[in-house]
Amino acid sequence: MSSETKIRKRAAISDKVWLLISLLVALAVWYLLSIGEKTGRGFPFAPEVLKGLATMVERKALWGDFVSSMISVVMGFGLGFLTALPMAFLMAWYAPVRKIIEPWINFVRNIPALAYSPLVVIILGIGRTPSVVLIWICTFMTMCITIYHGIRNIDNTLVKAARVLGANDVDIFFRITLPATMPFILTAVRLGLSAALTTLLAAESTGARAGLGMRIRTLSTTFESNAMLGYIIIIGIIGTLLNIFVDFIERRLTSWQEKREG
Amino acid sequence: MAGEERRVKIQIKAVKKEYRGDHGTTVALNGVDLDIMENEFVCVVGPSGCGKSTLLNILAGLHEASSGECCLDGEAIHGTDVKRGVVFQQYALFPWQTVLQNVMFGPQMKRLPKAECMEIARKYIRMVGLEDFEGSFPKELSGGMKQRVAIARAYANDPEVLLMDEPFGALDAQTRAQLQTELLKTWEEEKKTCFFITHDVDEAVLLAQRVVIMSARPGRIKRIVDIDIPYPRDQATKSDARFMELKAQIWNEVYQEYLEVRK
């Protein structure tokens, strides 16, 4: 027991060291890019970026952009999740639903959101609504397909085992289907959050008044690459933090899973 | 069996099962007739594809026969029922539940109070010797332990009939021997009607009062062999002269069937 703990601890430390090394390598590459004559224009080094972000704080833009984007992401993702979950079950349970809907989800999924965002604006006008709807569409498709495949992959023997032990359909849904699908639901949440962030630029190209994606576009027109790079990094950090959050939930909810690696 | 009650528990009457697939209709079972007595231990052997699992699934109520019928105590079997417990080869434990929760599942489905469910579950967990593991998740258990949990889970529902589909098929030889011995002991103590499928002739002769040999394409009963070796039996029974005689006989017939299938 104690030797096992020791091994695990040693592995954890080395993981952290690796993370540090990875960070240093990234900083070195960033620095090299920043001193290049041409690459330096696009990649100003950290102090410049921080200065750029400080300017955005002075202009009272940064916090508002962050909040605005987060509201769109949370609303769009929330709607996406609430609609994807029941739709995935309908697709798994009813062949006609699956046969009619699945090809179109797969069709639309490959089209960049930026391409159809003007259509959404034409229908809904400008402002928050089209941003939320675009994020909703993208997160819905990713999550619906992921959860649907999860439900279809449930080990049928478990359902049989529950039936012979006297479970009815409701028992089977809550005690077998839902827990068995949970790992896929969490994967869907992970992919959905990522889809929400990658759609941000398209979503805020709809005449939004604030937002991280909207600001990156306006900064690009004035070539303020230091603040722009800062905003880009902020989106990356938000994504990483959300991922860590999902990891945490995953450990709490699906620790029963057999892991492929030790 | 003199002096013992000989009441028919399960009746299998002219059961036929067809599957419609892309390549036409496959007849999995045809004209299967068998009476199983109360408290009897019956093993079914046969080459893969002889429909023995199909027969078990029909008895469990997980599949319906295409024609003919199966009865339990004279009542036709339709759908699953807690009177007929099933142990699967792949254990089929719920991985998100602990050993205790898995074994409690059946009593909970009967909507018994939680304390009673736990009491019943603990009794059967003790029976299979896993009381130190009731809080473990299936992933933390070996194959043999998993199958013990599955057996305890089936027993916790107090079924009248135990249907076992190659329950020890995925275990190593030593674990299998141990679980066979334990199953024999349990059966002798708490007699239940057992319908046990295996491809291991040794196992069939060791456990059963009657061994049913099935032939493939379509699945039919080829022969039924009475195993007239007295209980209690254990692993030492395997060196018994009568055991070896019966085993050789049955093994030969199963092998003939296997060659038949290979043709």
# chains A, B, ... in the order shown; residues from 1 in each chain; ligands from 1
>>> interface_residues(of="chain A", to="chain B", cutoff="10 Å", atoms="only C-alpha atoms", output="list in words")
Asp155, Asn156, Thr157, Leu158, Val159, Lys160, Ala161, Ala162, Arg163, Val164, Leu165, Gly166, Ala167, Asn168, Asp171, Arg175, Ile176, Pro179, Ala180, Leu253, Thr254, Ser255, Trp256, Gln257, Glu258 and Lys259 of chain A
>>> write_last_selection(atoms="N, CA and C atoms", output="PDB file, in the first residue's frame")
ATOM      1  N   ASP A 155     -23.828  -1.573 -22.652  1.00  0.00           N
ATOM      2  CA  ASP A 155     -23.728  -3.025 -22.662  1.00  0.00           C
ATOM      3  C   ASP A 155     -25.119  -3.614 -22.391  1.00  0.00           C
ATOM      4  N   ASN A 156     -25.653  -4.292 -23.400  1.00  0.00           N
ATOM      5  CA  ASN A 156     -27.014  -4.799 -23.298  1.00  0.00           C
ATOM      6  C   ASN A 156     -27.163  -5.852 -22.196  1.00  0.00           C
ATOM      7  N   THR A 157     -26.051  -6.526 -21.862  1.00  0.00           N
ATOM      8  CA  THR A 157     -26.122  -7.525 -20.791  1.00  0.00           C
ATOM      9  C   THR A 157     -26.538  -6.890 -19.470  1.00  0.00           C
ATOM     10  N   LEU A 158     -26.111  -5.636 -19.253  1.00  0.00           N
ATOM     11  CA  LEU A 158     -26.472  -4.959 -18.008  1.00  0.00           C
ATOM     12  C   LEU A 158     -27.977  -4.727 -17.942  1.00  0.00           C
ATOM     13  N   VAL A 159     -28.558  -4.360 -19.094  1.00  0.00           N
ATOM     14  CA  VAL A 159     -30.002  -4.159 -19.149  1.00  0.00           C
ATOM     15  C   VAL A 159     -30.718  -5.481 -18.879  1.00  0.00           C
ATOM     16  N   LYS A 160     -30.212  -6.554 -19.502  1.00  0.00           N
ATOM     17  CA  LYS A 160     -30.801  -7.877 -19.283  1.00  0.00           C
ATOM     18  C   LYS A 160     -30.706  -8.270 -17.813  1.00  0.00           C
ATOM     19  N   ALA A 161     -29.522  -8.048 -17.234  1.00  0.00           N
ATOM     20  CA  ALA A 161     -29.305  -8.415 -15.836  1.00  0.00           C
ATOM     21  C   ALA A 161     -30.289  -7.678 -14.948  1.00  0.00           C
ATOM     22  N   ALA A 162     -30.514  -6.384 -15.236  1.00  0.00           N
ATOM     23  CA  ALA A 162     -31.454  -5.609 -14.437  1.00  0.00           C
ATOM     24  C   ALA A 162     -32.871  -6.148 -14.602  1.00  0.00           C
ATOM     25  N   ARG A 163     -33.220  -6.504 -15.845  1.00  0.00           N
ATOM     26  CA  ARG A 163     -34.565  -7.020 -16.099  1.00  0.00           C
ATOM     27  C   ARG A 163     -34.838  -8.301 -15.327  1.00  0.00           C
ATOM     28  N   VAL A 164     -33.887  -9.239 -15.370  1.00  0.00           N
ATOM     29  CA  VAL A 164     -34.135 -10.508 -14.687  1.00  0.00           C
ATOM     30  C   VAL A 164     -34.134 -10.321 -13.173  1.00  0.00           C
ATOM     31  N   LEU A 165     -33.601  -9.191 -12.692  1.00  0.00           N
ATOM     32  CA  LEU A 165     -33.662  -8.920 -11.253  1.00  0.00           C
ATOM     33  C   LEU A 165     -34.933  -8.163 -10.880  1.00  0.00           C
ATOM     34  N   GLY A 166     -35.791  -7.947 -11.871  1.00  0.00           N
ATOM     35  CA  GLY A 166     -37.100  -7.378 -11.571  1.00  0.00           C
ATOM     36  C   GLY A 166     -37.246  -5.896 -11.853  1.00  0.00           C
ATOM     37  N   ALA A 167     -36.284  -5.297 -12.590  1.00  0.00           N
ATOM     38  CA  ALA A 167     -36.365  -3.865 -12.873  1.00  0.00           C
ATOM     39  C   ALA A 167     -37.397  -3.596 -13.972  1.00  0.00           C
ATOM     40  N   ASN A 168     -38.189  -2.525 -13.798  1.00  0.00           N
ATOM     41  CA  ASN A 168     -39.089  -2.111 -14.880  1.00  0.00           C
ATOM     42  C   ASN A 168     -38.391  -1.037 -15.730  1.00  0.00           C
ATOM     43  N   ASP A 171     -36.999   1.945 -13.748  1.00  0.00           N
ATOM     44  CA  ASP A 171     -35.792   1.538 -13.002  1.00  0.00           C
ATOM     45  C   ASP A 171     -34.601   1.473 -13.945  1.00  0.00           C
ATOM     46  N   ARG A 175     -31.468   3.648 -13.224  1.00  0.00           N
ATOM     47  CA  ARG A 175     -30.424   2.896 -12.535  1.00  0.00           C
ATOM     48  C   ARG A 175     -29.406   2.269 -13.475  1.00  0.00           C
ATOM     49  N   ILE A 176     -29.741   2.143 -14.755  1.00  0.00           N
ATOM     50  CA  ILE A 176     -28.787   1.548 -15.703  1.00  0.00           C
ATOM     51  C   ILE A 176     -28.413   2.555 -16.791  1.00  0.00           C
ATOM     52  N   PRO A 179     -26.666   6.116 -15.454  1.00  0.00           N
ATOM     53  CA  PRO A 179     -25.271   5.971 -14.999  1.00  0.00           C
ATOM     54  C   PRO A 179     -24.340   5.429 -16.082  1.00  0.00           C
ATOM     55  N   ALA A 180     -24.839   4.515 -16.919  1.00  0.00           N
ATOM     56  CA  ALA A 180     -23.976   3.966 -17.966  1.00  0.00           C
ATOM     57  C   ALA A 180     -23.627   5.026 -18.998  1.00  0.00           C
ATOM     58  N   LEU A 253     -17.905  11.612 -10.366  1.00  0.00           N
ATOM     59  CA  LEU A 253     -19.078  10.867 -10.834  1.00  0.00           C
ATOM     60  C   LEU A 253     -18.753   9.530 -11.488  1.00  0.00           C
ATOM     61  N   THR A 254     -17.609   9.418 -12.116  1.00  0.00           N
ATOM     62  CA  THR A 254     -17.366   8.198 -12.902  1.00  0.00           C
ATOM     63  C   THR A 254     -16.072   7.507 -12.515  1.00  0.00           C
ATOM     64  N   SER A 255     -15.732   7.578 -11.221  1.00  0.00           N
ATOM     65  CA  SER A 255     -14.506   6.915 -10.791  1.00  0.00           C
ATOM     66  C   SER A 255     -14.637   5.396 -10.815  1.00  0.00           C
ATOM     67  N   TRP A 256     -15.878   4.915 -10.996  1.00  0.00           N
ATOM     68  CA  TRP A 256     -16.099   3.468 -11.039  1.00  0.00           C
ATOM     69  C   TRP A 256     -15.596   2.829 -12.335  1.00  0.00           C
ATOM     70  N   GLN A 257     -15.279   3.675 -13.324  1.00  0.00           N
ATOM     71  CA  GLN A 257     -14.912   3.128 -14.631  1.00  0.00           C
ATOM     72  C   GLN A 257     -13.591   2.379 -14.609  1.00  0.00           C
ATOM     73  N   GLU A 258     -13.533   1.304 -15.395  1.00  0.00           N
ATOM     74  CA  GLU A 258     -12.263   0.598 -15.573  1.00  0.00           C
ATOM     75  C   GLU A 258     -11.367   1.481 -16.417  1.00  0.00           C
ATOM     76  N   LYS A 259     -10.165   1.739 -15.938  1.00  0.00           N
ATOM     77  CA  LYS A 259      -9.271   2.600 -16.712  1.00  0.00           C
ATOM     78  C   LYS A 259      -8.385   1.735 -17.588  1.00  0.00           C
TER      79      LYS A 259
END
>>> select_by_dssp(residues="region 108-236 of chain A", states="helix (DSSP H, G or I)", output="PyMOL selection string")
chain A and resi 108-109+113-124+128-152+156-164+169-198+200-203+212-221+225-236
>>> select_by_dssp(residues="region 61-139 of chain B", states="strand (DSSP E)", output="PyMOL selection string")
chain B and resi 67-72+75-76+84-87
>>> write_last_selection(atoms="C-alpha atoms", output="mmCIF file, in the first residue's frame")
data_model
loop_
_atom_site.group_PDB
_atom_site.id
_atom_site.type_symbol
_atom_site.label_atom_id
_atom_site.label_comp_id
_atom_site.auth_asym_id
_atom_site.auth_seq_id
_atom_site.Cartn_x
_atom_site.Cartn_y
_atom_site.Cartn_z
ATOM 1 C CA SER B 67 -43.328 -21.690 -31.616
ATOM 2 C CA GLY B 68 -43.839 -24.102 -28.760
ATOM 3 C CA GLU B 69 -43.675 -22.922 -25.191
ATOM 4 C CA CYS B 70 -41.864 -23.111 -21.882
ATOM 5 C CA CYS B 71 -43.692 -23.399 -18.594
ATOM 6 C CA LEU B 72 -42.702 -22.874 -14.997
ATOM 7 C CA GLU B 75 -47.578 -21.511 -16.302
ATOM 8 C CA ALA B 76 -46.329 -20.304 -19.669
ATOM 9 C CA ARG B 84 -36.034 -17.129 -12.592
ATOM 10 C CA GLY B 85 -32.609 -15.773 -11.685
ATOM 11 C CA VAL B 86 -29.857 -15.557 -14.286
ATOM 12 C CA VAL B 87 -26.066 -15.628 -13.995
#
>>> closest_residue(among="A:Leu24, A:Ala113, A:Val133, A:Leu212", to="Ile238 (chain A)", atoms="only C-alpha atoms")
A:Leu212
>>> residues_around(residues="Met118 (chain B)", least_positions_apart="6", cutoff="9 Å", atoms="only C-alpha atoms", output="number ranges by chain")
B: 100-101, 103-104, 107
>>> closest_residue(among="B:Asn39, B:Thr181, B:Thr186, B:Thr237", to="Val205 (chain B)", atoms="only C-alpha atoms")
B:Thr237
>>> residues_around(residues="Leu62 (chain A)", least_positions_apart="3", cutoff="12 Å", atoms="only C-alpha atoms", output="MDAnalysis selection string")
chainID A and resid 52:59 65:69 210:216 227:228 230:231 234
>>> write_last_selection(atoms="N, CA and C atoms", output="PDB file, in the first residue's frame")
ATOM      1  N   GLY A  52      -0.815  45.726 -23.035  1.00  0.00           N
ATOM      2  CA  GLY A  52      -1.989  45.827 -23.913  1.00  0.00           C
ATOM      3  C   GLY A  52      -3.272  45.571 -23.147  1.00  0.00           C
ATOM      4  N   LEU A  53      -3.243  44.524 -22.325  1.00  0.00           N
ATOM      5  CA  LEU A  53      -4.439  44.192 -21.548  1.00  0.00           C
ATOM      6  C   LEU A  53      -4.746  45.297 -20.542  1.00  0.00           C
ATOM      7  N   ALA A  54      -3.667  45.881 -19.969  1.00  0.00           N
ATOM      8  CA  ALA A  54      -3.867  46.976 -19.020  1.00  0.00           C
ATOM      9  C   ALA A  54      -4.586  48.143 -19.700  1.00  0.00           C
ATOM     10  N   THR A  55      -4.216  48.420 -20.943  1.00  0.00           N
ATOM     11  CA  THR A  55      -4.896  49.483 -21.691  1.00  0.00           C
ATOM     12  C   THR A  55      -6.383  49.172 -21.826  1.00  0.00           C
ATOM     13  N   MET A  56      -6.669  47.874 -22.102  1.00  0.00           N
ATOM     14  CA  MET A  56      -8.074  47.490 -22.262  1.00  0.00           C
ATOM     15  C   MET A  56      -8.837  47.660 -20.958  1.00  0.00           C
ATOM     16  N   VAL A  57      -8.141  47.421 -19.830  1.00  0.00           N
ATOM     17  CA  VAL A  57      -8.795  47.635 -18.536  1.00  0.00           C
ATOM     18  C   VAL A  57      -9.078  49.122 -18.361  1.00  0.00           C
ATOM     19  N   GLU A  58      -8.085  49.960 -18.732  1.00  0.00           N
ATOM     20  CA  GLU A  58      -8.257  51.410 -18.639  1.00  0.00           C
ATOM     21  C   GLU A  58      -9.439  51.883 -19.480  1.00  0.00           C
ATOM     22  N   ARG A  59      -9.575  51.270 -20.666  1.00  0.00           N
ATOM     23  CA  ARG A  59     -10.708  51.662 -21.528  1.00  0.00           C
ATOM     24  C   ARG A  59     -12.026  51.085 -21.038  1.00  0.00           C
ATOM     25  N   ASP A  65     -16.121  42.698 -21.649  1.00  0.00           N
ATOM     26  CA  ASP A  65     -15.987  41.699 -22.721  1.00  0.00           C
ATOM     27  C   ASP A  65     -16.062  40.297 -22.152  1.00  0.00           C
ATOM     28  N   PHE A  66     -15.332  40.119 -21.041  1.00  0.00           N
ATOM     29  CA  PHE A  66     -15.285  38.799 -20.423  1.00  0.00           C
ATOM     30  C   PHE A  66     -16.685  38.377 -19.975  1.00  0.00           C
ATOM     31  N   VAL A  67     -17.359  39.279 -19.239  1.00  0.00           N
ATOM     32  CA  VAL A  67     -18.692  38.950 -18.720  1.00  0.00           C
ATOM     33  C   VAL A  67     -19.662  38.670 -19.864  1.00  0.00           C
ATOM     34  N   SER A  68     -19.607  39.537 -20.870  1.00  0.00           N
ATOM     35  CA  SER A  68     -20.536  39.377 -21.991  1.00  0.00           C
ATOM     36  C   SER A  68     -20.347  38.020 -22.675  1.00  0.00           C
ATOM     37  N   SER A  69     -19.074  37.656 -22.919  1.00  0.00           N
ATOM     38  CA  SER A  69     -18.818  36.369 -23.571  1.00  0.00           C
ATOM     39  C   SER A  69     -19.270  35.210 -22.705  1.00  0.00           C
ATOM     40  N   ALA A 210     -20.159  43.921 -27.049  1.00  0.00           N
ATOM     41  CA  ALA A 210     -18.974  43.583 -26.275  1.00  0.00           C
ATOM     42  C   ALA A 210     -18.721  42.091 -26.434  1.00  0.00           C
ATOM     43  N   GLY A 211     -17.586  41.628 -25.873  1.00  0.00           N
ATOM     44  CA  GLY A 211     -17.284  40.201 -25.980  1.00  0.00           C
ATOM     45  C   GLY A 211     -15.858  39.978 -26.397  1.00  0.00           C
ATOM     46  N   LEU A 212     -15.291  38.898 -25.952  1.00  0.00           N
ATOM     47  CA  LEU A 212     -13.887  38.608 -26.254  1.00  0.00           C
ATOM     48  C   LEU A 212     -13.683  38.438 -27.758  1.00  0.00           C
ATOM     49  N   GLY A 213     -14.608  37.713 -28.377  1.00  0.00           N
ATOM     50  CA  GLY A 213     -14.502  37.458 -29.812  1.00  0.00           C
ATOM     51  C   GLY A 213     -14.685  38.738 -30.606  1.00  0.00           C
ATOM     52  N   MET A 214     -15.705  39.522 -30.196  1.00  0.00           N
ATOM     53  CA  MET A 214     -15.977  40.791 -30.880  1.00  0.00           C
ATOM     54  C   MET A 214     -14.768  41.719 -30.774  1.00  0.00           C
ATOM     55  N   ARG A 215     -14.139  41.762 -29.567  1.00  0.00           N
ATOM     56  CA  ARG A 215     -13.007  42.665 -29.348  1.00  0.00           C
ATOM     57  C   ARG A 215     -11.797  42.239 -30.191  1.00  0.00           C
ATOM     58  N   ILE A 216     -11.579  40.946 -30.317  1.00  0.00           N
ATOM     59  CA  ILE A 216     -10.445  40.475 -31.127  1.00  0.00           C
ATOM     60  C   ILE A 216     -10.595  40.993 -32.565  1.00  0.00           C
ATOM     61  N   ALA A 227      -2.769  43.628 -27.288  1.00  0.00           N
ATOM     62  CA  ALA A 227      -4.023  43.363 -26.587  1.00  0.00           C
ATOM     63  C   ALA A 227      -4.738  42.166 -27.194  1.00  0.00           C
ATOM     64  N   MET A 228      -4.656  42.066 -28.528  1.00  0.00           N
ATOM     65  CA  MET A 228      -5.315  40.966 -29.224  1.00  0.00           C
ATOM     66  C   MET A 228      -4.792  39.625 -28.748  1.00  0.00           C
ATOM     67  N   GLY A 230      -3.367  39.028 -25.994  1.00  0.00           N
ATOM     68  CA  GLY A 230      -3.839  38.865 -24.615  1.00  0.00           C
ATOM     69  C   GLY A 230      -5.233  38.262 -24.572  1.00  0.00           C
ATOM     70  N   TYR A 231      -6.117  38.764 -25.415  1.00  0.00           N
ATOM     71  CA  TYR A 231      -7.481  38.240 -25.464  1.00  0.00           C
ATOM     72  C   TYR A 231      -7.494  36.776 -25.904  1.00  0.00           C
ATOM     73  N   ILE A 234      -6.506  34.695 -23.121  1.00  0.00           N
ATOM     74  CA  ILE A 234      -7.582  34.602 -22.122  1.00  0.00           C
ATOM     75  C   ILE A 234      -8.603  33.529 -22.524  1.00  0.00           C
TER      76      ILE A 234
END
>>> closest_residue(among="B:Met214, B:Ile227, B:Met37, B:Val99", to="Glu131 (chain B)", atoms="only C-alpha atoms")
B:Val99
>>> atom_distance(atom1="CA of Ala84 (chain A)", atom2="CA of Val132 (chain A)")
15.3 Å
>>> residues_around(residues="Ser66 (chain B)", least_positions_apart="6", cutoff="12 Å", atoms="only C-alpha atoms", output="ChimeraX atom specification")
/B:13-20,25-32,54-55,58
>>> write_last_selection(atoms="N, CA and C atoms", output="mmCIF file, in the first residue's frame")
data_model
loop_
_atom_site.group_PDB
_atom_site.id
_atom_site.type_symbol
_atom_site.label_atom_id
_atom_site.label_comp_id
_atom_site.auth_asym_id
_atom_site.auth_seq_id
_atom_site.Cartn_x
_atom_site.Cartn_y
_atom_site.Cartn_z
ATOM 1 N N LYS B 13 -41.625 -27.348 -24.226
ATOM 2 C CA LYS B 13 -42.494 -28.124 -25.112
ATOM 3 C C LYS B 13 -42.340 -27.680 -26.565
ATOM 4 N N ALA B 14 -41.769 -28.552 -27.385
ATOM 5 C CA ALA B 14 -41.657 -28.337 -28.843
ATOM 6 C C ALA B 14 -41.181 -26.938 -29.185
ATOM 7 N N VAL B 15 -40.143 -26.492 -28.505
ATOM 8 C CA VAL B 15 -39.685 -25.114 -28.710
ATOM 9 C C VAL B 15 -38.896 -24.987 -30.001
ATOM 10 N N LYS B 16 -39.280 -23.989 -30.773
ATOM 11 C CA LYS B 16 -38.578 -23.674 -32.012
ATOM 12 C C LYS B 16 -38.224 -22.193 -31.971
ATOM 13 N N LYS B 17 -37.034 -21.852 -32.411
ATOM 14 C CA LYS B 17 -36.655 -20.448 -32.452
ATOM 15 C C LYS B 17 -35.960 -20.157 -33.775
ATOM 16 N N GLU B 18 -36.497 -19.186 -34.476
ATOM 17 C CA GLU B 18 -35.900 -18.775 -35.751
ATOM 18 C C GLU B 18 -35.464 -17.325 -35.658
ATOM 19 N N TYR B 19 -34.355 -17.017 -36.280
ATOM 20 C CA TYR B 19 -33.918 -15.626 -36.382
ATOM 21 C C TYR B 19 -33.961 -15.212 -37.837
ATOM 22 N N ARG B 20 -34.557 -14.062 -38.073
ATOM 23 C CA ARG B 20 -34.547 -13.545 -39.445
ATOM 24 C C ARG B 20 -33.387 -12.580 -39.586
ATOM 25 N N THR B 25 -33.416 -16.974 -43.044
ATOM 26 C CA THR B 25 -33.826 -17.367 -41.708
ATOM 27 C C THR B 25 -32.877 -18.432 -41.160
ATOM 28 N N THR B 26 -32.454 -18.240 -39.912
ATOM 29 C CA THR B 26 -31.639 -19.244 -39.238
ATOM 30 C C THR B 26 -32.506 -19.923 -38.193
ATOM 31 N N VAL B 27 -32.494 -21.248 -38.198
ATOM 32 C CA VAL B 27 -33.232 -21.971 -37.170
ATOM 33 C C VAL B 27 -32.259 -22.286 -36.047
ATOM 34 N N ALA B 28 -32.424 -21.617 -34.912
ATOM 35 C CA ALA B 28 -31.505 -21.806 -33.789
ATOM 36 C C ALA B 28 -31.894 -23.026 -32.969
ATOM 37 N N LEU B 29 -33.194 -23.227 -32.802
ATOM 38 C CA LEU B 29 -33.691 -24.374 -32.040
ATOM 39 C C LEU B 29 -34.842 -24.979 -32.804
ATOM 40 N N ASN B 30 -34.950 -26.305 -32.762
ATOM 41 C CA ASN B 30 -36.080 -26.941 -33.429
ATOM 42 C C ASN B 30 -36.521 -28.175 -32.643
ATOM 43 N N GLY B 31 -37.771 -28.183 -32.258
ATOM 44 C CA GLY B 31 -38.343 -29.338 -31.580
ATOM 45 C C GLY B 31 -37.648 -29.725 -30.307
ATOM 46 N N VAL B 32 -37.406 -28.766 -29.437
ATOM 47 C CA VAL B 32 -36.751 -29.079 -28.165
ATOM 48 C C VAL B 32 -37.813 -29.383 -27.111
ATOM 49 N N THR B 54 -29.594 -19.664 -26.481
ATOM 50 C CA THR B 54 -30.928 -19.249 -26.924
ATOM 51 C C THR B 54 -31.990 -19.870 -26.023
ATOM 52 N N LEU B 55 -31.817 -21.142 -25.718
ATOM 53 C CA LEU B 55 -32.759 -21.847 -24.866
ATOM 54 C C LEU B 55 -32.805 -21.189 -23.480
ATOM 55 N N ILE B 58 -34.683 -17.978 -23.597
ATOM 56 C CA ILE B 58 -36.143 -18.186 -23.655
ATOM 57 C C ILE B 58 -36.665 -18.507 -22.260
#
>>> residues_around(residues="Thr129 (chain A)", least_positions_apart="2", cutoff="10 Å", atoms="only C-alpha atoms", output="PyMOL selection string")
chain A and resi 72+75-76+120-121+124-127+131-134+203+206+208
>>> write_last_selection(atoms="N, CA and C atoms", output="PDB file, in the first residue's frame")
ATOM      1  N   SER A  72     -22.973  34.710 -22.918  1.00  0.00           N
ATOM      2  CA  SER A  72     -23.363  34.038 -24.166  1.00  0.00           C
ATOM      3  C   SER A  72     -23.007  32.554 -24.119  1.00  0.00           C
ATOM      4  N   MET A  75     -25.325  30.665 -21.614  1.00  0.00           N
ATOM      5  CA  MET A  75     -26.683  30.513 -22.132  1.00  0.00           C
ATOM      6  C   MET A  75     -26.726  29.570 -23.336  1.00  0.00           C
ATOM      7  N   GLY A  76     -25.798  29.759 -24.251  1.00  0.00           N
ATOM      8  CA  GLY A  76     -25.784  28.922 -25.454  1.00  0.00           C
ATOM      9  C   GLY A  76     -25.502  27.469 -25.113  1.00  0.00           C
ATOM     10  N   VAL A 120     -28.347  33.849 -39.448  1.00  0.00           N
ATOM     11  CA  VAL A 120     -28.973  33.942 -38.122  1.00  0.00           C
ATOM     12  C   VAL A 120     -29.272  35.406 -37.792  1.00  0.00           C
ATOM     13  N   VAL A 121     -28.333  36.311 -38.184  1.00  0.00           N
ATOM     14  CA  VAL A 121     -28.551  37.739 -37.930  1.00  0.00           C
ATOM     15  C   VAL A 121     -29.737  38.259 -38.748  1.00  0.00           C
ATOM     16  N   LEU A 124     -32.731  36.978 -36.765  1.00  0.00           N
ATOM     17  CA  LEU A 124     -32.930  37.394 -35.370  1.00  0.00           C
ATOM     18  C   LEU A 124     -32.498  38.819 -35.079  1.00  0.00           C
ATOM     19  N   GLY A 125     -31.916  39.510 -36.043  1.00  0.00           N
ATOM     20  CA  GLY A 125     -31.402  40.849 -35.782  1.00  0.00           C
ATOM     21  C   GLY A 125     -30.088  40.767 -35.032  1.00  0.00           C
ATOM     22  N   ILE A 126     -29.539  41.954 -34.646  1.00  0.00           N
ATOM     23  CA  ILE A 126     -28.250  41.929 -33.974  1.00  0.00           C
ATOM     24  C   ILE A 126     -28.442  41.919 -32.462  1.00  0.00           C
ATOM     25  N   GLY A 127     -27.314  41.681 -31.748  1.00  0.00           N
ATOM     26  CA  GLY A 127     -27.376  41.683 -30.290  1.00  0.00           C
ATOM     27  C   GLY A 127     -27.017  40.333 -29.700  1.00  0.00           C
ATOM     28  N   SER A 131     -25.985  35.596 -30.982  1.00  0.00           N
ATOM     29  CA  SER A 131     -24.770  34.984 -30.428  1.00  0.00           C
ATOM     30  C   SER A 131     -25.119  33.707 -29.677  1.00  0.00           C
ATOM     31  N   VAL A 132     -26.127  33.822 -28.820  1.00  0.00           N
ATOM     32  CA  VAL A 132     -26.530  32.658 -28.029  1.00  0.00           C
ATOM     33  C   VAL A 132     -27.015  31.542 -28.944  1.00  0.00           C
ATOM     34  N   VAL A 133     -27.814  31.909 -29.942  1.00  0.00           N
ATOM     35  CA  VAL A 133     -28.374  30.882 -30.832  1.00  0.00           C
ATOM     36  C   VAL A 133     -27.264  30.159 -31.592  1.00  0.00           C
ATOM     37  N   LEU A 134     -26.253  30.898 -32.038  1.00  0.00           N
ATOM     38  CA  LEU A 134     -25.149  30.239 -32.764  1.00  0.00           C
ATOM     39  C   LEU A 134     -24.402  29.254 -31.863  1.00  0.00           C
ATOM     40  N   ALA A 203     -19.890  33.708 -33.235  1.00  0.00           N
ATOM     41  CA  ALA A 203     -21.096  34.106 -32.512  1.00  0.00           C
ATOM     42  C   ALA A 203     -21.115  35.607 -32.265  1.00  0.00           C
ATOM     43  N   THR A 206     -21.886  39.012 -34.918  1.00  0.00           N
ATOM     44  CA  THR A 206     -23.281  39.292 -35.253  1.00  0.00           C
ATOM     45  C   THR A 206     -23.718  40.642 -34.721  1.00  0.00           C
ATOM     46  N   ALA A 208     -22.443  42.108 -31.944  1.00  0.00           N
ATOM     47  CA  ALA A 208     -22.409  42.194 -30.489  1.00  0.00           C
ATOM     48  C   ALA A 208     -21.707  43.488 -30.080  1.00  0.00           C
TER      49      ALA A 208
END
>>> residues_around(residues="Leu193 (chain A)", least_positions_apart="5", cutoff="12 Å", atoms="only C-alpha atoms", output="short mmCIF file (atom, residue, chain, number, x, y, z; two decimals) with C-alpha atoms, in the first residue's frame")
data_model
loop_
_atom_site.label_atom_id
_atom_site.label_comp_id
_atom_site.auth_asym_id
_atom_site.auth_seq_id
_atom_site.Cartn_x
_atom_site.Cartn_y
_atom_site.Cartn_z
CA MET A 70 -19.38 34.25 -20.52
CA SER A 72 -23.36 34.04 -24.17
CA VAL A 73 -21.35 30.86 -23.58
CA VAL A 74 -23.32 29.83 -20.50
CA MET A 75 -26.68 30.51 -22.13
CA GLY A 76 -25.78 28.92 -25.45
CA PHE A 77 -24.15 25.92 -23.85
CA GLY A 78 -26.98 25.54 -21.35
CA GLY A 80 -27.42 23.17 -26.12
CA PHE A 81 -27.12 20.72 -23.25
CA ILE A 135 -23.44 28.77 -29.72
CA TRP A 136 -26.59 26.78 -29.02
CA CYS A 138 -22.89 24.28 -32.37
CA THR A 139 -22.90 22.87 -28.86
CA PHE A 140 -26.17 21.04 -29.49
CA THR A 142 -21.57 18.08 -30.82
CA MET A 143 -23.23 16.99 -27.60
CA LEU A 186 -19.34 14.27 -19.39
CA THR A 187 -17.34 13.85 -22.59
CA ALA A 188 -20.16 15.66 -24.37
CA THR A 198 -14.40 28.02 -30.64
CA THR A 199 -17.72 29.40 -31.89
CA LEU A 200 -17.23 32.62 -29.91
CA ILE A 235 -9.91 32.44 -24.25
CA GLY A 236 -7.34 29.65 -24.00
CA ILE A 238 -10.95 29.93 -19.89
CA GLY A 239 -10.99 26.72 -21.92
CA THR A 240 -8.32 25.14 -19.75
CA LEU A 241 -10.11 26.10 -16.54
CA LEU A 242 -13.40 24.66 -17.82
CA ASN A 243 -11.59 21.46 -18.72
CA ILE A 244 -10.13 21.18 -15.23
CA PHE A 245 -13.63 21.71 -13.85
CA VAL A 246 -15.01 18.87 -15.98
#
